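Participant: Mind looking over this structure? Questions follow.
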Amino acid sequence: MSSKKQIHKVTKPHPDLSKELLWKKPLFWQTAIFGLAVLLYANTIKHGYALDDVISITMNSFTKKGFAGFKDILTKDSFVGFIGNASELSGGRWRPLALITFATERQFFGQAPTVSHIINVLLYGLCCVALFRLLYDFIIKQNLWLSLAATLLFTVHPIHTEVVANIKSRDEILSLLLILASLHLALRYHYGQGKGYLLPISLICYFLALLSKENGVTGIAFIPLLYYVLSKDTPTQALRRAIPHIAIILFYMILRIAVIGFTHKQIDEVMNAPYMLATPLQALATKLYVLLLYIKLLFFPYPLSYDYSYHQILYRNIFDFWTIVSVLINGALLVYAAINIRRKDMLSFALLFYFFSIFIVSNLLVDTGGVLGERFLFQPSVGYVLALVLVLQAGSTHFIKKEHERLKVILILTLIIMLPSIAWTYMRNKDWKNDNTLFITDVKTCPNSARTNNGAGTSYILLSDAEQDSTAKQRMLDTAILLLNRALKIHPTYVDPYLNLGVAYNRKGDIEKAEDMWNKARQRNPTHPKLAEYDNVLAITYLNKGNHAAAGNTRNYALAKSYYLRGLRYQGNNNDLLYNLGGLYFTIQQFDSARYYWMLNAQYHPQDKGTLQGLQALQAMGK
């Protein structure tokens, strides 16, 4: 009887035990993590394009070609497809992988932001799963709950909204996803199953990560460290294990230089070179201060903004209080990590991973073209969540003796952090619906940024175009003018607000002010590509004014002539202006002037029938 009972117990487990085992399976939790990531960003799927999507998708001549653009994407700077020339930011950009995915989407789906958003969300979910597997399988070594806590904190962190909601930032997601996959495969090769094909696949993944974004070059430091802390290897042995990945990094750097060169272009616009107006000490102090802001955003990611450029973050001096605080905090963390990494301390590795990842975008090594970017925290946040969980574990050990009680406390704290993070991420996602929602929201967060004021001003102009109520339309245009003038007060030589002020005044029917704004922009940047468009507006406007003055009972030919000549300042080859001006001179019997403008028009437009008839009339009259 006893043996039968034993068989009965083995073959038919108690239902509660079966349920408990399910909750302890990593597969269950990685499915849950993926589902959480997808649900959290599901409200971005119906969004349109926003912010830098114009650079990589909507106005990138290479990605718009679909498969036909692959060659250019692979062989040219990543900004060339947008601006048609070398990047206006120093250092150059070569990030072909994300652009190839955009070109592929264009080939199959056309311009479809929903498809792109779905892909971003799914890739983010995979990235979170890859982090969980790396933590659980190797870094936190089979500690399911600590691995889960760290991954959940990463998944719901609001600082990632820019990366997921802005389609262009797929390069960040692909980079980290492929780095995590590469590390997992490499660790399996060295310390796990050891199958020979794992290492080549790992190296391919790492190379693709580098083709997504340059962030992966930091692996030249953190990969040997990871091997070191996870094993009994000496530093030399760990470095030897990392040689294949280091070789891939060096190969990538050589290939990158071969494709886009290694030039440092001098930038003379503070919007793209934020420290150009600072003294060397001010620049250094401000960069160090920004490192404190990054830590603040990791611990308290509110409020958030797409832009922190000139003059939102003021230049600091080397003895500024918050600069000193930043040096002390970051310095203390670095010293701790440097001292304790020799003991194979995982917290030290987490801190060093953070510092290596943030260093490449800190402007201390190379200029990024911006002061601070929330997307720059995507890879460093892995080090942050790992360090946070390890600190919680260490802290709870001092106060709670039982392990299951400690884990319970950590999970409760994780939940407490997660709930507001989920709410804030969900709300912040809505701001990324399109340019208008983003720009108008973030100018309130960063009111001292010239770029946010210019962006919000532009959005109000676009909203006024769609507004049917004339009073509301004028109110929106007035708001736009207010914001654009604020941008100029912050940065008086900023060209874009002048251009947009011209548009706003033109919408209000004040062509004189519009012309003045566009000419002020011309003084600052005579070759700006938008000027041709606005010159056409001026030419057509003065043509219509001239036609109106020359028509009707008053027939003010002197005023009409002044309008035609004014229009020709901006479009000297305009067919209608030249023809009508010639006709006006013919009407007032100034035949030499009529012949001059008709002959000039015939040079530009030799098939224009009216001009040819006018010249024939002059010839018939003997004039």
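Scheme for the structure tokens: letters A, B, ... for chains in order shown; per-chain residue numbers from 1; ligand numbers from 1 in order shown.
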Which neighbours of Ala242 of chain A fall inside 10 Å, counting only C-alpha atoms, when residues of the same chain fewer than 5 positions from it are skipped, and could you give them as a list in words?

Facilitator: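 That gives Ala186, Gly219, Ile220, Ala221, Phe222, Ile223, Pro224, Leu225, Leu226, Tyr227, Tyr228, Thr236, Gln237 and Ala247 of chain A.
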
Participant: Mind checking which residues fall within 9 Å of Leu144 of chain A, counting only C-alpha atoms, ignoring those fewer than 4 positions away in the same chain, and posting them as a PDB file with C-alpha atoms, in the first residue's frame?

Facilitator:
```
ATOM      1  CA  LYS A  24       9.395  29.537 -10.842  1.00  0.00           C
ATOM      2  CA  LYS A  25      10.125  28.801 -14.480  1.00  0.00           C
ATOM      3  CA  PRO A  26      12.222  31.369 -16.379  1.00  0.00           C
ATOM      4  CA  LEU A 135      21.108  38.152 -16.072  1.00  0.00           C
ATOM      5  CA  TYR A 136      19.486  34.879 -15.092  1.00  0.00           C
ATOM      6  CA  ILE A 140      23.067  36.882 -11.365  1.00  0.00           C
ATOM      7  CA  LEU A 148      13.400  39.420 -12.726  1.00  0.00           C
ATOM      8  CA  ALA A 149      13.523  42.538 -10.543  1.00  0.00           C
TER       9      ALA A 149
END
```

Participant: Expressed in Å to a single decimal, how great is the separation between atom CA of Gln571 of chain A and atom CA of Ile540 of chain A?

Facilitator: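 Value for the atom CA of Gln571 of chain A-atom CA of Ile540 of chain A distance: 9.1 Å.
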
Participant: Which residues, written as a PyMOL selection string, have at least one atom at most 9 Å from Ser593 of chain A, with only C-alpha atoms counted and residues fewer than 5 positions away on the same chain left out?

Facilitator: chain A and resi 581-582+585-586+598

Participant: So the first atom is atom CA of Asn575 of chain A and the second is atom CA of Ala550 of chain A; what is the distance between them in Å, to one decimal place?

Facilitator: 17.4 Å

Participant: Show me, as a compact mmCIF listing (two decimals) with N, CA, C and O atoms, in the first residue's frame, the residues that have an atom within 12 Å of Gly622 of chain A when counting only C-alpha atoms, minus same-chain residues fewer than 2 positions from it.

Facilitator:
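Dumped to selection-v2.txt:
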```
# COMPACT_ATOMS: atom_id res chain seq x y z
N PHE A 591 8.99 101.73 -74.44
CA PHE A 591 9.20 100.55 -75.27
C PHE A 591 10.58 99.92 -75.07
O PHE A 591 10.73 98.71 -75.20
N ASP A 592 11.58 100.72 -74.79
CA ASP A 592 12.92 100.13 -74.56
C ASP A 592 12.92 99.22 -73.33
O ASP A 592 13.52 98.14 -73.35
N ARG A 595 11.03 96.07 -74.21
CA ARG A 595 11.87 95.15 -74.98
C ARG A 595 12.88 94.46 -74.07
O ARG A 595 13.14 93.25 -74.19
N LEU A 615 7.23 90.88 -78.42
CA LEU A 615 8.41 91.29 -79.19
C LEU A 615 8.06 91.52 -80.66
O LEU A 615 8.59 92.44 -81.32
N GLN A 616 7.18 90.67 -81.20
CA GLN A 616 6.73 90.86 -82.58
C GLN A 616 5.97 92.18 -82.73
O GLN A 616 6.11 92.88 -83.75
N ALA A 617 5.18 92.53 -81.73
CA ALA A 617 4.44 93.80 -81.77
C ALA A 617 5.40 94.98 -81.77
O ALA A 617 5.20 95.97 -82.51
N LEU A 618 6.43 94.90 -80.95
CA LEU A 618 7.43 95.97 -80.93
C LEU A 618 8.12 96.09 -82.28
O LEU A 618 8.37 97.21 -82.79
N GLN A 619 8.42 94.94 -82.87
CA GLN A 619 9.09 94.95 -84.17
C GLN A 619 8.19 95.54 -85.24
O GLN A 619 8.64 96.32 -86.10
N ALA A 620 6.91 95.21 -85.16
CA ALA A 620 5.96 95.74 -86.14
C ALA A 620 5.81 97.24 -86.02
O ALA A 620 5.58 97.95 -87.02
```

Participant: Output as an MDAnalysis selection string all residues of segment 96-342 of chain A that backbone DSSP marks as helix (DSSP H, G or I).

Facilitator: chainID A and resid 96:109 113:139 144:156 158:165 167:191 198:212 214:229 235:260 280:299 321:342

Participant: For Leu122 of chain A, which residue out of A:Leu210, A:Leu183, A:Ile204, A:Ile33 is the nearest one, using only C-alpha atoms?

Facilitator: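 Answer, going by the shortest atom-to-atom distance: A:Ile33.
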
Participant: Of the candidates A:Ile249, A:Ile173, A:Leu288, A:Val54, which one gets nearest to Gln379 of chain A if we count only C-alpha atoms?

Facilitator: A:Ile173

Participant: Using only C-alpha atoms, find the one residue out of A:Tyr302, A:Ala130, A:Ile329, A:Met346 that sits nearest to Leu178 of chain A.

Facilitator: A:Ala130

Participant: Identify, on the basis of only C-alpha atoms, every residue whose closest approach to segment 93-108 of chain A does not exceed 10 Å; exclude the query and any residue fewer than 6 positions from it along the same chain; express the result as JSON, numbers by chain.

Facilitator: {"A": [56, 57, 58, 60, 61, 62, 63, 64, 65, 66, 67, 68, 69, 70, 71, 72, 73, 74, 75, 76, 77, 78, 79, 80, 81, 86, 87, 115, 116, 119, 167, 168, 169, 170, 171, 172, 173, 174, 175, 208, 209, 210, 211, 212, 213, 214, 256, 257, 259, 260]}
